[in-house]
Structure formats: structure tokens, C-alpha cells
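K.L.:
Have a look at the structure that comes next, please.
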Amino acid sequence: MLWSGWGDPARAAELPEPVRRLLGDLLGVRAPDTPAAALDEVRLPGTALPAPVVAELEEAVGAGHVRRDHETRVRHTRGKSTPDLLRIRAGDGSDAPDAVVLPGSHDEVLAVLRICAAHRVAVVPFGGGTSVVGGLAADRRGFAGVVALDVSRLNRLVSVDAESMVAELEPGLRAPQAERLLAGHGFTLGHFPQSFEYATLGGFAAARSSGQASAGYGRFDDMVVGMTVATPRGTLELGRAPKSAAGPDLRQVILGSEGAFGVITSLRLRVRRAPAERLYEGWRFPSFAQGTAALRRLAQDGPVPTVLRLSDETETMVGLARPDELGGLAAGAGCLAVTGYEGEPGEARARRDAAAEMLAGLGGTCLGPDPGESWARGRYSAPYLRDSLLGAGATVETLETAGFWSALPGLYDAVRLSLQGSLGSPLVMCHVSHVYGTGASLYFTVVTAQSADPLGQWEAAKKAVNEAIVAAGGTISHHHGVGRDHRDAYAAEIGELGVEILRGIKDRLDPDGVLNPGALVAPAPD
């Protein structure tokens, strides 16, 4: 992973000059005055971790698995949101951990948590480092130091129960690794978010991730049938059966908790048989409203494709639905929808044919396989485009929400108006990428010229749009999580009593408050 951006550095590319000129003419984007900092130029705070604590950690996990060198600390600083990247590109490593600890087993994780709790050292669980909501920068106040607990050594496929179609995997497995291991048994998770190439299974669970094929395979939290969790108080073993009426489901307490309640050390996941065929198509709808109505009908009445997404007019015009072929469809082309079908050849084709008949009857025009296959080829490319835009002097960021079908038009308008009001005349694009019988998500991309203070510029816009989402009845996050960026809006969403419940859980599992302090829920006021 590129330390100052996204993904494989070999895949990073400069924006073509015609695109640069277009950004300048359309948005007033100009090249930054200063180049991005080099890795050795990133300014890090001195290591605050007391020597006796370092010695205890080394005894627990092995001296080679406690790292304090400059590069390792930089690579474990924050996540991959635009503010995160703006800070690190400016050479600001002020949130770097004092040490990176790599345990190799559940018992070693427990030992690390106990040591850190005893010495009041904050612990930030770290998987792929792909958080885009400020989920990886601990609040240092009141702590003797901060360690990043990197789970990359917990990377095994533990077992496969083919009869139950359940696999046990460790949280440090990156998604491609997990898919390769499961493919050896004829299975797949079917979880393909945009972060697929670098995110870990533990991160998927901790943030309630939702993949691009969620219409067919479900969200990641739907896949979790059991887990093992290490906490400063001890071990939680959760999930004895597919479903249970034995009280509230404690799995749901850990899912989405972003490392604030414990560290997931093992996941038991529902798997599916690997599909024999994948079919993709593109469809054009005259308007976003008409396309959204068609998606609703498919979600409610079926047949439901495995992949179902719809770009609004602006996203279609720009071509962001096909990020590796930027330019997309011509202006005035309406809205592009992508459908995908996975399964046995006969079954996948039958669903495609039935869905095509319904989409055509709802005003859609089939564009054939090319737009869908183009999207499938480039579906992990958009973060690279963001890095190129940042380098050119644009601020570009994504945000997402979800709502019931009846609330979706108002939510769509509220977000767009908020961004336009706080940023002037940005380019705002949107797509629907996750659908349910009762509602759907909205995923926005916004591009604007960087001001003299791009961090302050985006923070003001983010605050305004968070308030707009809550006021319009949407959820503050459908799949990115809460972190620190959404914490206040999440508190408004669940109310004061909801916040007190979360604080009560944290106090029981993490009485010293060392786990990812500042994420998810603010500590109670003194």
C-alpha cells in the first residue's frame, strides 16, 4: 500500500493534460504550490512509550514484532480519507503510533491488551489501514503512549465446514487472500467492496462493510455467524448457531464497533459456492428518478441481480461508473445502471433474462455487456483517480448514507444542496450501489478546487453535510463506519440514551478506555 495514497504505487498515474485543463476551466483547480512530502520528510513525534512497557510487549509477542522505525510508524498513521492524505502529504505525522505491535495469536492479543491497560497505553487495532472516517487516529490525551495493534500475522484459514458452508478465518487476511484460500475449497465470500484489494476481514466486520455485490451476497455483517474477541477483560466467544432466540445477539455489539470494544481474532463466516458464471450488463434510464424506481421494483419484486447500481446524470456524464475509461457515456446520455448476475450458467442467465424484461418495461434501454464489463474491470480504480486529483490541486472525497425508498429523493437533494452551499460550485456525483426491499444507499463523490486551507474547507463541508443527512432522516453511514468523523452525527442519530448504552458496554469490556479512544463514542464528560 502506498504510504501517502492508495494501493500499488505502480498503478498511480498523473491526470492527462486535457483533464487538468477541464478541471481548471470547470472548477478553478490549480496545481499545489508545494510538492507532497517524501516519506523521510514526514514529521513524527518522539516515541513516548516507556521502556518497561516496550520490554513487556517484546516479551509477549517477540522482539521482532514490536517495531518503532520511522517507516513503520508512518505506514500506520491514520487511514485513507482525503483529510488523512492531505495531512500526510503535508508531512504531518503527529498522529503516528509510538510503536507497532504484531501479535501472532489470540493469546498474544490478550497479553498486549492487558499490558496496555495496566500501563494506560492506547491501542488502535489496525488491519489494512483503509478507514476513510478517521478511525485510526487515537486520542492521546491522558495516555502514556499509543500502539497500533497490527493483525497481519493473524492470517490463516482455520477450517472449512463444507456441510454447514461455514469457514473460520483470521482477521488479518486481506480479502484477495481469503478468496484464494476459499477458492481452493470451491467457495467464495462474495464480498467485493472498493477497498477489496487491501482491506482485511477483521476490518470488514469492525466497520460493517458492504460489498459491491451486496444485492446478491448480502453485507459482511450478514455473513458473520460467529467470532472470537479479545478484550482487556478477557475473551468473548460468540455464535453457537445460525440464529438464536437466546437473548440479544452480542455479535451485533461487536460488529461495527471499530475496535473500541475489543479485537476480533477469529471470524466464522457463511460462505457460498463459487459461481460458475458472471454476467454483466449496462442499462440506460432517462433520469435518476426513473432509474431509482426501476431498482426499487427489482429489489422488492425480484429477480434481484447479484450486482445492482445506478449512477445519476452527473456521474454518468463524467464517466465515474467506468473509472478506468474516464469519459464514459456522452453528455445527455441519462443515467447508467450496471447489473451483474453470478451463479450456475442456467440460473444466472435466467435471472438476467427475467430482470431484463422488467427493466425494459420500466423504461430502461439495454446497452449490452460492454458497460457492465467495463465497470467490473475498473471497479477498484477510483481511489487511484482520487490520488491523481489531489496531486493536481483538487479536493475530492466520498461520503455515503442510506434511507428508506420514500425518503431517498429528499435525502439526495439535501446532501447535494449542503455540499453546494458549503463548497460553492463543486462537482457532485452520486450512485445507488446497495439496495434492499425497504430502501437503498446513496454514495456521493464531490470534487472542488482546493482552497488555501483544504483541511478546513472539507471539515466545514463535512460538518454541514452530516447535519443535513441527520435532518433528512438518513443514517450517517451505510458502510464506511463512524470513526471520529461521524461520531457527533452518530450520537445525534441514536440519541443520548443510545450513547449512554455504548459507553456502558465500553466501560465493562474496556474499563481503562485504552481501546481506540475517541472512535465511535466520545467518553463521558468529567
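Identifiers in the C-alpha cells: chain A, B, ... in order shown; residue index from 1 per chain; ligand index from 1 in order shown.
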I'd like the neighbourhood of stretch 478-493 of chain A as a list in words, where a residue qualifies if any of its atoms comes within 6 Å (using only C-alpha atoms), though same-chain residues fewer than 3 positions away should be ignored.

P.N.:
Val133, Gly134, Gly135, Ala207, Arg208, Ser209, Ser210, Thr401, Ala402, Ala519 and Leu520 of chain A

K.L.:
Tell me which protein, DNA and RNA residues are within 12 Å of stretch 523-526 of chain A, counting only C-alpha atoms, leaving out same-chain ones fewer than 5 positions away, and put them as a tab-separated table (two decimals) with N, CA, C and O atoms, in the first residue's frame.

P.N.:
```tsv
chain	number	residue	atom	x	y	z
A	139	ASP	N	-6.99	9.29	20.29
A	139	ASP	CA	-6.90	10.48	21.14
A	139	ASP	C	-5.86	10.18	22.22
A	139	ASP	O	-6.05	9.32	23.07
A	141	ARG	N	-4.75	12.05	24.68
A	141	ARG	CA	-4.87	12.75	25.97
A	141	ARG	C	-5.10	11.77	27.12
A	141	ARG	O	-6.01	10.95	27.08
A	260	ALA	N	-13.32	-0.44	19.35
A	260	ALA	CA	-13.50	0.29	20.60
A	260	ALA	C	-13.92	-0.62	21.74
A	260	ALA	O	-13.80	-0.24	22.92
A	487	ARG	N	-18.70	10.75	14.52
A	487	ARG	CA	-19.06	10.45	15.90
A	487	ARG	C	-20.18	11.35	16.43
A	487	ARG	O	-21.15	10.86	17.03
A	488	ASP	N	-20.09	12.65	16.18
A	488	ASP	CA	-21.10	13.56	16.71
A	488	ASP	C	-22.45	13.34	16.02
A	488	ASP	O	-23.51	13.37	16.66
A	491	ALA	N	-24.04	10.24	17.33
A	491	ALA	CA	-24.68	10.50	18.63
A	491	ALA	C	-26.05	11.14	18.43
A	491	ALA	O	-27.02	10.81	19.14
A	496	GLU	N	-29.25	10.49	23.17
A	496	GLU	CA	-28.44	10.49	24.39
A	496	GLU	C	-28.45	9.13	25.09
A	496	GLU	O	-27.42	8.65	25.57
A	499	VAL	N	-26.19	6.69	23.31
A	499	VAL	CA	-24.78	6.95	23.62
A	499	VAL	C	-24.43	6.39	24.98
A	499	VAL	O	-23.36	5.79	25.17
A	500	GLU	N	-25.33	6.54	25.96
A	500	GLU	CA	-25.05	6.01	27.30
A	500	GLU	C	-24.94	4.50	27.29
A	500	GLU	O	-24.11	3.91	28.01
A	501	ILE	N	-25.73	3.84	26.46
A	501	ILE	CA	-25.64	2.38	26.35
A	501	ILE	C	-24.27	1.97	25.82
A	501	ILE	O	-23.61	1.05	26.35
A	502	LEU	N	-23.80	2.65	24.76
A	502	LEU	CA	-22.50	2.33	24.20
A	502	LEU	C	-21.38	2.59	25.21
A	502	LEU	O	-20.43	1.80	25.32
A	503	ARG	N	-21.49	3.68	25.93
A	503	ARG	CA	-20.47	3.95	26.96
A	503	ARG	C	-20.48	2.87	28.05
A	503	ARG	O	-19.42	2.47	28.55
A	504	GLY	N	-21.67	2.40	28.38
A	504	GLY	CA	-21.76	1.35	29.39
A	504	GLY	C	-21.10	0.07	28.92
A	504	GLY	O	-20.40	-0.61	29.70
A	505	ILE	N	-21.30	-0.30	27.65
A	505	ILE	CA	-20.64	-1.50	27.11
A	505	ILE	C	-19.13	-1.33	27.13
A	505	ILE	O	-18.39	-2.24	27.55
A	506	LYS	N	-18.66	-0.17	26.67
A	506	LYS	CA	-17.21	0.07	26.65
A	506	LYS	C	-16.63	0.03	28.06
A	506	LYS	O	-15.55	-0.55	28.28
A	507	ASP	N	-17.32	0.61	29.02
A	507	ASP	CA	-16.82	0.61	30.39
A	507	ASP	C	-16.67	-0.80	30.94
A	507	ASP	O	-15.76	-1.08	31.72
A	510	ASP	N	-13.81	-2.56	28.47
A	510	ASP	CA	-12.55	-1.81	28.40
A	510	ASP	C	-12.55	-0.74	29.49
A	510	ASP	O	-12.60	0.46	29.22
A	511	PRO	N	-12.51	-1.15	30.76
A	511	PRO	CA	-12.70	-0.19	31.86
A	511	PRO	C	-11.65	0.91	31.91
A	511	PRO	O	-11.93	2.00	32.43
A	512	ASP	N	-10.46	0.68	31.35
A	512	ASP	CA	-9.44	1.73	31.34
A	512	ASP	C	-9.50	2.60	30.09
A	512	ASP	O	-8.72	3.55	29.96
A	513	GLY	N	-10.41	2.27	29.18
A	513	GLY	CA	-10.63	3.10	28.00
A	513	GLY	C	-9.47	3.14	27.02
A	513	GLY	O	-9.30	4.13	26.31
A	514	VAL	N	-8.67	2.05	26.94
A	514	VAL	CA	-7.48	2.09	26.08
A	514	VAL	C	-7.76	1.73	24.63
A	514	VAL	O	-6.94	2.02	23.75
A	515	LEU	N	-8.91	1.11	24.36
A	515	LEU	CA	-9.18	0.63	23.01
A	515	LEU	C	-9.69	1.76	22.11
A	515	LEU	O	-10.76	2.32	22.33
A	516	ASN	N	-8.88	2.12	21.12
A	516	ASN	CA	-9.23	3.10	20.10
A	516	ASN	C	-9.96	4.32	20.69
A	516	ASN	O	-11.08	4.65	20.27
A	517	PRO	N	-9.35	4.98	21.66
A	517	PRO	CA	-10.04	6.10	22.33
A	517	PRO	C	-10.40	7.21	21.36
A	517	PRO	O	-9.59	7.63	20.53
A	518	GLY	N	-11.63	7.69	21.47
A	518	GLY	CA	-12.11	8.75	20.60
A	518	GLY	C	-12.92	8.26	19.43
A	518	GLY	O	-13.64	9.05	18.80
```

K.L.:
Which of stretch 236-334 of chain A counts as strand (DSSP E or B) under DSSP, as a ChimeraX atom specification please?

P.N.:
/A:236-238,263-270,272-273,277-285,307-311

K.L.:
Quick one: DSSP helix (DSSP H, G or I) residues in stretch 447-504 of chain A, as a ChimeraX atom specification?

P.N.:
/A:454-471,487-504

K.L.:
List as a list in words the protein and nucleic acid residues near A:Ala464, meaning an atom at most 10 Å away when only C-alpha atoms are counted, but skip any in the same chain fewer than 6 places from it.

P.N.:
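Contacts, with the query itself left out: Val415, Ser418, Leu419, Gly421, Ser422 and Trp458 of chain A.
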
K.L.:
For the residues selected in the previous step, produce a file with C-alpha atoms as a CSV table (one decimal), in the first residue's frame.

P.N.:
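For reference, part_39.csv as written:
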```
chain,number,residue,atom,x,y,z
A,415,VAL,CA,-26.8,16.2,0.5
A,418,SER,CA,-25.5,21.1,1.5
A,419,LEU,CA,-22.3,20.4,-0.5
A,421,GLY,CA,-23.9,25.6,-0.1
A,422,SER,CA,-20.6,24.9,1.8
A,458,TRP,CA,-13.5,20.0,3.8
```

K.L.:
Can you pull out every residue within 12 Å of A:Arg349, counting only C-alpha atoms, but drop anything in the same chain fewer than 3 positions away, and send it as a ChimeraX atom specification?

P.N.:
/A:276-281,303,305-306,340-346,352-356

K.L.:
Expressed in Å to a single decimal, how great is the separation between atom CA of A:Met227 and atom CA of A:Gly184?

P.N.:
22.6 Å

K.L.:
If we count only C-alpha atoms, what is near A:Ala472 at a cut-off of 10 Å, once residues fewer than 6 positions away on the same chain are taken out, given as a compact mmCIF listing (two decimals) with all heavy atoms, in the first residue's frame?

P.N.:
```
# COMPACT_ATOMS: atom_id res chain seq x y z
N GLY A 403 -31.28 5.38 3.22
CA GLY A 403 -32.59 5.74 3.72
C GLY A 403 -33.66 4.85 3.12
O GLY A 403 -33.39 4.05 2.22
N ALA A 407 -37.89 8.18 1.47
CA ALA A 407 -37.07 9.31 1.92
C ALA A 407 -35.90 9.60 0.99
O ALA A 407 -35.24 10.64 1.12
CB ALA A 407 -36.53 9.04 3.33
N LEU A 408 -35.63 8.70 0.04
CA LEU A 408 -34.41 8.81 -0.76
C LEU A 408 -34.34 10.10 -1.60
O LEU A 408 -33.28 10.74 -1.64
CB LEU A 408 -34.27 7.58 -1.66
CG LEU A 408 -32.90 6.91 -1.68
CD1 LEU A 408 -32.43 6.56 -0.29
CD2 LEU A 408 -32.93 5.66 -2.56
N PRO A 409 -35.40 10.52 -2.28
CA PRO A 409 -35.30 11.75 -3.07
C PRO A 409 -34.94 12.97 -2.22
O PRO A 409 -34.09 13.78 -2.61
CB PRO A 409 -36.69 11.90 -3.70
CG PRO A 409 -37.24 10.51 -3.75
CD PRO A 409 -36.72 9.85 -2.50
N GLY A 410 -35.56 13.11 -1.05
CA GLY A 410 -35.24 14.23 -0.17
C GLY A 410 -33.83 14.15 0.37
O GLY A 410 -33.15 15.17 0.52
N LEU A 411 -33.36 12.94 0.65
CA LEU A 411 -32.00 12.75 1.15
C LEU A 411 -30.98 13.11 0.07
O LEU A 411 -29.97 13.79 0.34
CB LEU A 411 -31.84 11.29 1.59
CG LEU A 411 -30.56 10.88 2.30
CD1 LEU A 411 -30.29 11.73 3.53
CD2 LEU A 411 -30.63 9.39 2.67
N TYR A 412 -31.25 12.69 -1.14
CA TYR A 412 -30.39 13.00 -2.29
C TYR A 412 -30.27 14.52 -2.46
O TYR A 412 -29.17 15.06 -2.59
CB TYR A 412 -30.98 12.35 -3.54
CG TYR A 412 -30.31 12.66 -4.85
CD1 TYR A 412 -29.08 12.11 -5.18
CD2 TYR A 412 -30.94 13.50 -5.78
CE1 TYR A 412 -28.48 12.39 -6.40
CE2 TYR A 412 -30.34 13.78 -7.00
CZ TYR A 412 -29.11 13.21 -7.31
OH TYR A 412 -28.53 13.48 -8.53
N ASP A 413 -31.38 15.21 -2.44
CA ASP A 413 -31.37 16.67 -2.61
C ASP A 413 -30.67 17.36 -1.44
O ASP A 413 -29.92 18.33 -1.63
CB ASP A 413 -32.80 17.21 -2.74
CG ASP A 413 -33.45 16.83 -4.05
OD1 ASP A 413 -32.72 16.48 -5.01
OD2 ASP A 413 -34.70 16.87 -4.13
N ALA A 414 -30.91 16.88 -0.21
CA ALA A 414 -30.33 17.52 0.97
C ALA A 414 -28.81 17.46 0.95
O ALA A 414 -28.13 18.45 1.28
CB ALA A 414 -30.86 16.86 2.24
N VAL A 415 -28.25 16.32 0.57
CA VAL A 415 -26.79 16.19 0.53
C VAL A 415 -26.20 17.09 -0.55
O VAL A 415 -25.22 17.81 -0.32
CB VAL A 415 -26.39 14.72 0.30
CG1 VAL A 415 -24.89 14.61 0.03
CG2 VAL A 415 -26.76 13.87 1.51
N ASN A 466 -23.09 16.26 7.27
CA ASN A 466 -23.52 15.35 8.33
C ASN A 466 -24.83 15.82 8.95
O ASN A 466 -25.75 15.03 9.19
CB ASN A 466 -22.45 15.25 9.42
CG ASN A 466 -21.27 14.39 9.01
OD1 ASN A 466 -21.27 13.77 7.94
ND2 ASN A 466 -20.26 14.34 9.86
```

K.L.:
Looking at only C-alpha atoms, which of A:Ala138, A:Ala299, A:Met429, A:Leu57 is the one that sits closest to A:Gly319?

P.N.:
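Closest residue, counting only C-alpha atoms: A:Met429.
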
K.L.:
Restrict the calculation to only C-alpha atoms, then for each residue of stretch 159-237 of chain A with any atom at most 9 Å from an atom of stretch 94-117 of chain A give the closest atom pair and their distance in Å to one decimal, rows by chain and rising residue number, as JSON lines.

P.N.:
```
{"residue": "A:Thr228", "atom": "CA", "partner": "A:His106", "partner_atom": "CA", "distance": 8.5}
{"residue": "A:Val229", "atom": "CA", "partner": "A:His106", "partner_atom": "CA", "distance": 8.3}
{"residue": "A:Ala230", "atom": "CA", "partner": "A:Leu110", "partner_atom": "CA", "distance": 5.7}
{"residue": "A:Thr231", "atom": "CA", "partner": "A:Leu110", "partner_atom": "CA", "distance": 6.7}
{"residue": "A:Pro232", "atom": "CA", "partner": "A:Leu113", "partner_atom": "CA", "distance": 5.3}
{"residue": "A:Arg233", "atom": "CA", "partner": "A:Arg114", "partner_atom": "CA", "distance": 8.0}
{"residue": "A:Gly234", "atom": "CA", "partner": "A:Leu110", "partner_atom": "CA", "distance": 7.0}
{"residue": "A:Thr235", "atom": "CA", "partner": "A:Leu110", "partner_atom": "CA", "distance": 7.9}
```

K.L.:
Which is closest to A:Asp8 among A:Gly190, A:Gly259, A:Pro383, A:Gly24, if we use only C-alpha atoms?

P.N.:
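Under the stated criterion, the closest residue is A:Pro383.
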
K.L.:
For A:Asp249, work out the shell of residues within 12 Å, counting only C-alpha atoms and skipping chain neighbours fewer than 6 positions away, then give it as a PyMOL selection string.

P.N.:
chain A and resi 224-227+237-243+255

K.L.:
Compare A:Ser131, A:Ser406, A:Thr395, A:Ser441 by their minimum atom-to-atom distance to A:Val428, counting only C-alpha atoms, and give me the closest one.

P.N.:
A:Thr395
